[in-house]
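Undergrad: Have a peek at final13.csv (CSV, C-alpha atoms).
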```csv
chain,number,residue,atom,x,y,z
T,1,ASP,CA,27.3,8.9,6.3
T,2,ALA,CA,29.7,5.9,6.3
T,3,GLY,CA,31.3,5.4,3.0
T,4,ILE,CA,29.4,2.4,1.8
T,5,THR,CA,28.1,1.8,-1.7
T,6,GLN,CA,26.2,-1.1,-3.1
T,7,SER,CA,25.8,-2.1,-6.8
T,8,PRO,CA,23.6,-2.5,-8.5
T,9,ARG,CA,20.8,-0.6,-6.7
T,10,HIS,CA,18.1,-2.4,-8.5
T,11,LYS,CA,18.1,-5.7,-10.4
T,12,VAL,CA,15.5,-7.9,-12.1
T,13,THR,CA,16.6,-11.4,-13.0
T,14,GLU,CA,15.1,-14.7,-14.0
T,15,THR,CA,14.8,-17.8,-11.9
T,16,GLY,CA,17.9,-20.0,-12.2
T,17,THR,CA,20.3,-17.2,-13.3
T,18,PRO,CA,23.4,-16.3,-11.2
T,19,VAL,CA,23.5,-12.9,-9.5
T,20,THR,CA,26.3,-11.1,-7.8
T,21,LEU,CA,25.8,-8.1,-5.6
T,22,ARG,CA,28.7,-5.8,-4.6
T,23,CYS,CA,29.4,-3.9,-1.5
T,24,HIS,CA,32.2,-1.4,-1.4
T,25,GLN,CA,33.5,0.6,1.6
T,26,THR,CA,36.0,3.4,1.9
T,27,GLU,CA,36.3,3.2,5.8
T,28,ASN,CA,38.8,0.4,6.0
T,29,HIS,CA,36.6,-1.4,8.5
T,30,ARG,CA,37.4,-5.0,9.3
T,31,TYR,CA,33.9,-6.5,9.5
T,32,MET,CA,31.4,-6.6,6.7
T,33,TYR,CA,27.9,-8.1,6.6
T,34,TRP,CA,25.1,-9.0,4.2
T,35,TYR,CA,21.5,-8.8,5.4
T,36,ARG,CA,18.2,-9.3,3.6
T,37,GLN,CA,15.1,-7.4,4.5
T,38,ASP,CA,11.6,-8.8,4.1
T,39,PRO,CA,8.3,-7.6,5.4
T,40,GLY,CA,7.5,-9.0,8.9
T,41,HIS,CA,11.1,-10.3,9.4
T,42,GLY,CA,13.2,-7.2,9.9
T,43,LEU,CA,16.7,-7.8,8.7
T,44,ARG,CA,18.3,-11.2,8.8
T,45,LEU,CA,22.0,-11.9,8.5
T,46,ILE,CA,23.1,-13.9,5.5
T,47,HIS,CA,26.9,-14.0,5.7
T,48,TYR,CA,29.6,-11.9,7.3
T,49,SER,CA,33.3,-11.4,7.0
T,50,TYR,CA,35.8,-10.7,9.7
T,51,GLY,CA,38.8,-10.1,7.4
T,52,VAL,CA,40.1,-10.7,3.9
T,53,LYS,CA,39.1,-14.2,2.9
T,54,ASP,CA,37.6,-14.8,6.3
T,55,THR,CA,33.8,-15.4,6.1
T,56,ASP,CA,31.1,-17.2,8.0
T,57,LYS,CA,27.4,-18.0,7.7
T,58,GLY,CA,24.6,-16.1,9.2
T,59,GLU,CA,21.1,-17.3,10.0
T,60,VAL,CA,19.8,-17.5,6.4
T,61,SER,CA,22.8,-18.5,4.4
T,62,ASP,CA,21.3,-21.3,2.2
T,63,GLY,CA,21.5,-20.5,-1.5
T,64,TYR,CA,24.1,-17.7,-1.0
T,65,SER,CA,27.8,-17.5,-1.1
T,66,VAL,CA,30.2,-14.7,-0.4
T,67,SER,CA,33.8,-13.6,-1.1
T,68,ARG,CA,36.1,-11.0,0.1
T,69,SER,CA,39.4,-10.7,-1.7
T,70,LYS,CA,40.1,-7.1,-0.6
T,71,THR,CA,39.3,-5.2,2.6
T,72,GLU,CA,37.0,-2.8,0.7
T,73,ASP,CA,34.9,-5.2,-1.3
T,74,PHE,CA,32.4,-7.9,-0.1
T,75,LEU,CA,30.5,-9.8,-2.8
T,76,LEU,CA,27.2,-11.7,-2.3
T,77,THR,CA,26.4,-14.4,-5.0
T,78,LEU,CA,23.2,-16.2,-5.6
T,79,GLU,CA,24.3,-19.2,-7.6
T,80,SER,CA,20.9,-19.9,-9.0
T,81,ALA,CA,18.3,-17.3,-8.1
T,82,THR,CA,14.9,-18.4,-6.9
T,83,SER,CA,11.7,-16.3,-6.3
T,84,SER,CA,12.2,-16.7,-2.5
T,85,GLN,CA,15.3,-14.6,-2.9
T,86,THR,CA,13.4,-11.6,-4.0
T,87,SER,CA,14.2,-9.1,-1.3
T,88,VAL,CA,16.1,-5.9,-0.4
T,89,TYR,CA,19.7,-6.7,0.4
T,90,PHE,CA,21.8,-4.5,2.7
T,91,CYS,CA,25.5,-4.4,3.3
T,92,ALA,CA,26.9,-3.2,6.6
T,93,ILE,CA,30.3,-2.6,8.1
T,94,SER,CA,31.7,-2.2,11.6
T,95,GLU,CA,35.1,-1.6,13.1
T,96,SER,CA,37.2,-3.9,15.2
T,97,ASP,CA,38.6,-1.6,17.8
T,98,PRO,CA,37.4,-2.4,21.3
T,99,GLY,CA,34.3,-0.4,22.1
T,100,GLN,CA,33.7,0.5,18.4
T,101,TYR,CA,30.8,-1.9,17.7
T,102,GLU,CA,28.5,0.4,15.8
T,103,GLN,CA,27.3,-1.1,12.6
T,104,TYR,CA,26.6,1.1,9.6
T,105,PHE,CA,24.4,0.2,6.6
T,106,GLY,CA,24.6,0.9,2.9
T,107,PRO,CA,21.7,2.1,0.8
T,108,GLY,CA,20.5,-1.4,-0.3
T,109,THR,CA,19.9,-3.3,-3.5
T,110,ARG,CA,16.4,-4.3,-4.5
T,111,LEU,CA,16.5,-7.7,-6.2
T,112,THR,CA,13.5,-9.1,-8.0
T,113,VAL,CA,13.6,-12.7,-9.2
T,114,THR,CA,10.9,-13.5,-11.8
G,115,GLY,CA,19.8,-18.8,18.9
G,116,GLU,CA,18.7,-15.3,19.8
G,117,ASN,CA,15.1,-14.2,19.1
G,118,VAL,CA,14.0,-10.6,19.3
G,119,GLU,CA,10.3,-9.6,19.4
G,120,GLN,CA,9.2,-6.0,18.8
G,121,HIS,CA,5.9,-4.3,19.6
G,122,PRO,CA,3.9,-2.6,18.4
G,123,SER,CA,4.1,-3.2,14.7
G,124,THR,CA,2.5,0.2,14.0
G,125,LEU,CA,2.2,3.2,16.2
G,126,SER,CA,0.4,6.5,15.4
G,127,VAL,CA,0.9,9.5,17.7
G,128,GLN,CA,0.1,13.2,17.5
G,129,GLU,CA,2.9,15.6,17.0
G,130,GLY,CA,4.4,16.6,20.4
G,131,ASP,CA,3.4,13.4,22.1
G,132,SER,CA,5.7,10.6,23.2
G,133,ALA,CA,6.3,7.3,21.5
G,134,VAL,CA,7.5,4.1,23.1
G,135,ILE,CA,8.6,1.0,21.3
G,136,LYS,CA,9.4,-2.2,23.2
G,137,CYS,CA,11.6,-5.2,22.4
G,138,THR,CA,12.2,-8.5,24.2
G,139,TYR,CA,15.1,-10.8,23.7
G,140,SER,CA,15.6,-14.5,24.5
G,141,ASP,CA,19.4,-15.0,25.0
G,142,SER,CA,20.6,-13.7,28.4
G,143,ALA,CA,24.1,-13.5,27.0
G,144,SER,CA,23.2,-10.6,24.7
G,145,ASN,CA,24.9,-7.5,25.8
G,146,TYR,CA,24.5,-4.9,23.0
G,147,PHE,CA,21.2,-3.4,21.9
G,148,PRO,CA,21.1,-0.8,19.1
G,149,TRP,CA,18.1,1.0,17.6
G,150,TYR,CA,17.9,1.9,13.9
G,151,LYS,CA,15.7,4.3,12.0
G,152,GLN,CA,14.9,3.5,8.4
G,153,GLU,CA,13.3,6.0,6.1
G,154,LEU,CA,11.7,5.0,2.9
G,155,GLY,CA,14.1,3.8,0.2
G,156,LYS,CA,17.2,4.1,2.5
G,157,GLY,CA,19.3,1.9,4.6
G,158,PRO,CA,18.8,1.6,8.4
G,159,GLN,CA,20.5,4.4,10.4
G,160,LEU,CA,21.8,3.9,13.9
G,161,ILE,CA,20.1,6.3,16.3
G,162,ILE,CA,21.1,5.1,19.7
G,163,ASP,CA,22.6,2.0,21.4
G,164,ILE,CA,23.0,0.6,24.9
G,165,ARG,CA,25.2,-2.0,26.4
G,166,SER,CA,24.3,-4.3,29.2
G,167,ASN,CA,26.3,-2.5,31.9
G,168,VAL,CA,24.0,0.5,31.5
G,169,GLY,CA,20.4,0.8,32.4
G,170,GLU,CA,19.5,3.9,30.5
G,171,LYS,CA,20.9,6.2,27.9
G,172,LYS,CA,19.7,9.5,26.5
G,173,ASP,CA,20.4,11.6,23.4
G,174,GLN,CA,18.3,14.7,23.2
G,175,ARG,CA,14.7,13.6,22.5
G,176,ILE,CA,15.6,9.9,22.3
G,177,ALA,CA,16.2,7.5,25.2
G,178,VAL,CA,16.7,3.8,25.6
G,179,THR,CA,16.1,1.7,28.7
G,180,LEU,CA,17.3,-1.8,29.4
G,181,ASN,CA,15.9,-4.3,31.9
G,182,LYS,CA,18.3,-7.3,31.9
G,183,THR,CA,16.3,-9.3,34.4
G,184,ALA,CA,13.2,-9.2,32.3
G,185,LYS,CA,15.2,-9.3,29.1
G,186,HIS,CA,13.5,-6.3,27.5
G,187,PHE,CA,14.6,-2.9,26.3
G,188,SER,CA,12.6,0.1,25.0
G,189,LEU,CA,13.0,3.2,22.8
G,190,HIS,CA,11.4,6.4,24.0
G,191,ILE,CA,10.9,9.4,21.7
G,192,THR,CA,9.7,12.6,23.3
G,193,GLU,CA,8.1,15.6,21.7
G,194,THR,CA,7.6,13.7,18.4
G,195,GLN,CA,7.9,15.6,15.2
G,196,PRO,CA,6.7,14.7,11.6
G,197,GLU,CA,10.3,13.9,10.6
G,198,ASP,CA,10.3,11.1,13.3
G,199,SER,CA,7.9,9.2,11.0
G,200,ALA,CA,9.9,6.1,9.8
G,201,VAL,CA,10.3,2.4,10.5
G,202,TYR,CA,12.3,1.7,13.7
G,203,PHE,CA,14.1,-1.6,14.4
G,204,CYS,CA,15.6,-2.9,17.6
G,205,ALA,CA,18.4,-5.5,17.6
G,206,ALA,CA,20.5,-7.5,19.9
G,207,SER,CA,23.9,-9.1,19.8
G,208,ILE,CA,26.7,-10.7,21.9
G,209,LEU,CA,30.0,-8.8,22.2
G,210,PRO,CA,32.8,-9.4,21.8
G,211,GLU,CA,32.8,-12.0,19.2
G,212,TYR,CA,33.9,-12.1,15.6
G,213,GLY,CA,32.1,-9.0,14.4
G,214,ASN,CA,28.7,-7.8,15.6
G,215,LYS,CA,26.1,-10.3,14.4
G,216,LEU,CA,22.9,-8.4,15.0
G,217,VAL,CA,19.5,-10.1,15.4
G,218,PHE,CA,16.7,-7.7,14.5
G,219,GLY,CA,13.1,-7.3,15.6
G,220,ALA,CA,10.5,-7.1,12.9
G,221,GLY,CA,10.2,-3.4,13.0
G,222,THR,CA,7.7,-0.7,14.1
G,223,ILE,CA,6.1,1.8,11.7
G,224,LEU,CA,5.9,5.1,13.5
G,225,ARG,CA,3.5,7.8,12.1
G,226,VAL,CA,3.6,11.2,13.6
G,227,LYS,CA,0.4,13.2,12.7
G,228,SER,CA,0.6,16.9,12.6
```
Mind turning the file's structure into structure tokens?
TA:
Amino acid sequence: DAGITQSPRHKVTETGTPVTLRCHQTENHRYMYWYRQDPGHGLRLIHYSYGVKDTDKGEVSDGYSVSRSKTEDFLLTLESATSSQTSVYFCAISESDPGQYEQYFGPGTRLTVT
Amino acid sequence: GENVEQHPSTLSVQEGDSAVIKCTYSDSASNYFPWYKQELGKGPQLIIDIRSNVGEKKDQRIAVTLNKTAKHFSLHITETQPEDSAVYFCAASILPEYGNKLVFGAGTILRVKS
């Protein structure tokens, strides 16, 4: 398995509180991604990073921000959590070498916003 | 943007039978098509992928076919086993770009009955 860890693995929080999810990799891969998984929607890209301090939005970025200060860490922040952000969040990584496009996923974080 | 549709949403087969899952995509520029298997409580795991310059790819009991003209691709699992029971996701992306921004189908629940 790719060396990807996510923390926390489970979290319950109240509406309006800030929440930060962490993704940590030991593979030294350039690209990192945050997805959310909801029934009937598969996985949807929230934000991604193509290098330290280089990030961009995905298809469902509203209400989320990200930061990447080190190659190995990619943080996802919900500034003010809402019930619609209750979901399972997955981090993924991929290499940058030509032909090495495979994307590998972490174990996920289940977030419940009450 | 890209849209990926996946069918069926659930599929039940007898052990030893074949299973086929189909996906269609909307953006003719998409050129990378991975398939993921997700077991309960785990992150998606890449099982096979295909690029647009190839029409078919096999890996033991798993095969993927791609029809660029019709913009659809399929996953074929032969001699199904109970451990094949899981949720399967197809995805599509355009390479090379900054990273590998996957657009996923909604998923297929495969049940293999013994």
Undergrad: With all atoms listed in the file considered, list every residue of chain T at most 8 Å from chain G, as a list of chain:residue names.
TA: T:Tyr31, T:Pro39, T:Gly40, T:His41, T:Gly42, T:Leu43, T:Arg44, T:Leu45, T:Ser49, T:Tyr50, T:Gly58, T:Phe90, T:Ser94, T:Ser96, T:Tyr101, T:Glu102, T:Gln103, T:Tyr104, T:Phe105, T:Gly106, T:Pro107, T:Gly108
Undergrad: Mind pulling up the distance from CA of Val19 in chain T to CA of Gln6 in chain T?
TA: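 Value for the CA of Gln6 in chain T-CA of Val19 in chain T distance: 13.7 Å.
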Undergrad: Within 10 Å of (21.6, -18.2, 2.6) (coordinates as in the file), grab all the protein and nucleic acid residues, counting all atoms listed in the file, and write them out as a PyMOL selection string.
TA: chain T and resi 34-36+44-47+57-66+76-78+85
Undergrad: How many Å separate CA of Gln25 in chain T from CA of Asp73 in chain T?
TA: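 Answer for the CA of Gln25 in chain T to CA of Asp73 in chain T separation: 6.6 Å.
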Undergrad: For CA of Glu170 in chain G and CA of Ala92 in chain T, quote the distance in Å rounded to one decimal.
TA: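 The value is 26.0 Å.
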Undergrad: Tell me, as a PyMOL selection string, which residues lie within 6 Å of Ala81 in chain T, counting only C-alpha atoms; anything in the same chain fewer than 3 positions away does not count.
TA: chain T and resi 15-17+78
Undergrad: Of the candidates G:Ala177, G:Ile208, G:Ile161, G:Leu125, which shows the shortest atom-to-atom distance to Leu189 in chain G, using all atoms listed in the file?
TA: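 Nearest to Leu189 in chain G: G:Ala177.
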Undergrad: Just checking: using only C-alpha atoms, which residue out of G:Val118, G:Leu180, G:Val226, G:Ile191 ends up closest to Tyr139 in chain G?
TA: G:Val118
Undergrad: Hey, can you pull every residue with an atom no more than 6 Å from (30.5, -6.1, -3.4), using only C-alpha atoms, and send it as number ranges by chain?
TA: T: 21-24, 73-75
Undergrad: Skipping near chain neighbours, those fewer than 4 positions away, what residues fall within 10 Å of Val168 in chain G using all atoms listed in the file, listed as a list in words?
TA: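 That gives Asn145, Ile164, Val178, Thr179, Leu180, Asn181 and Lys182 of chain G.
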Undergrad: Any chance you could work out the axis-aligned box around range 39-57 of chain T, listed atoms only, 4 Å on each side, giving centre and edge lengths in Å to one decimal, as JSON?
TA:
```
{"center_x": 23.8, "center_y": -12.6, "center_z": 6.4, "size_x": 40.6, "size_y": 18.8, "size_z": 15.0}
```
Undergrad: So that I can check the surroundings of Gly130 in chain G, please list as a PDB file with C-alpha atoms, in the coordinates of the input every protein, DNA and RNA residue that reaches within 7 Å of it, counting all atoms listed in the file and ignoring chain neighbours fewer than 4 positions away.
TA:
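Full text of part.pdb as output:
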```
ATOM      1  CA  GLU G 193       8.100  15.600  21.700  1.00  0.00           C
ATOM      2  CA  THR G 194       7.600  13.700  18.400  1.00  0.00           C
ATOM      3  CA  GLN G 195       7.900  15.600  15.200  1.00  0.00           C
TER       4      GLN G 195
END
```
Undergrad: Here is a test: counting all atoms listed in the file, which residue of G:Ser132, G:Ser188, G:Ser207, G:Ser199 is nearest to Arg175 in chain G?
TA: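 Checking each candidate against Arg175 in chain G, we get G:Ser132 as the closest.
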Undergrad: Rank G:Gln128, G:Ala200, G:Asp173, G:Ser228 by their smallest atom-to-atom distance to Glu153 in chain G, using only C-alpha atoms, and report the top residue only.
TA: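 Closest to Glu153 in chain G of all the choices is G:Ala200.
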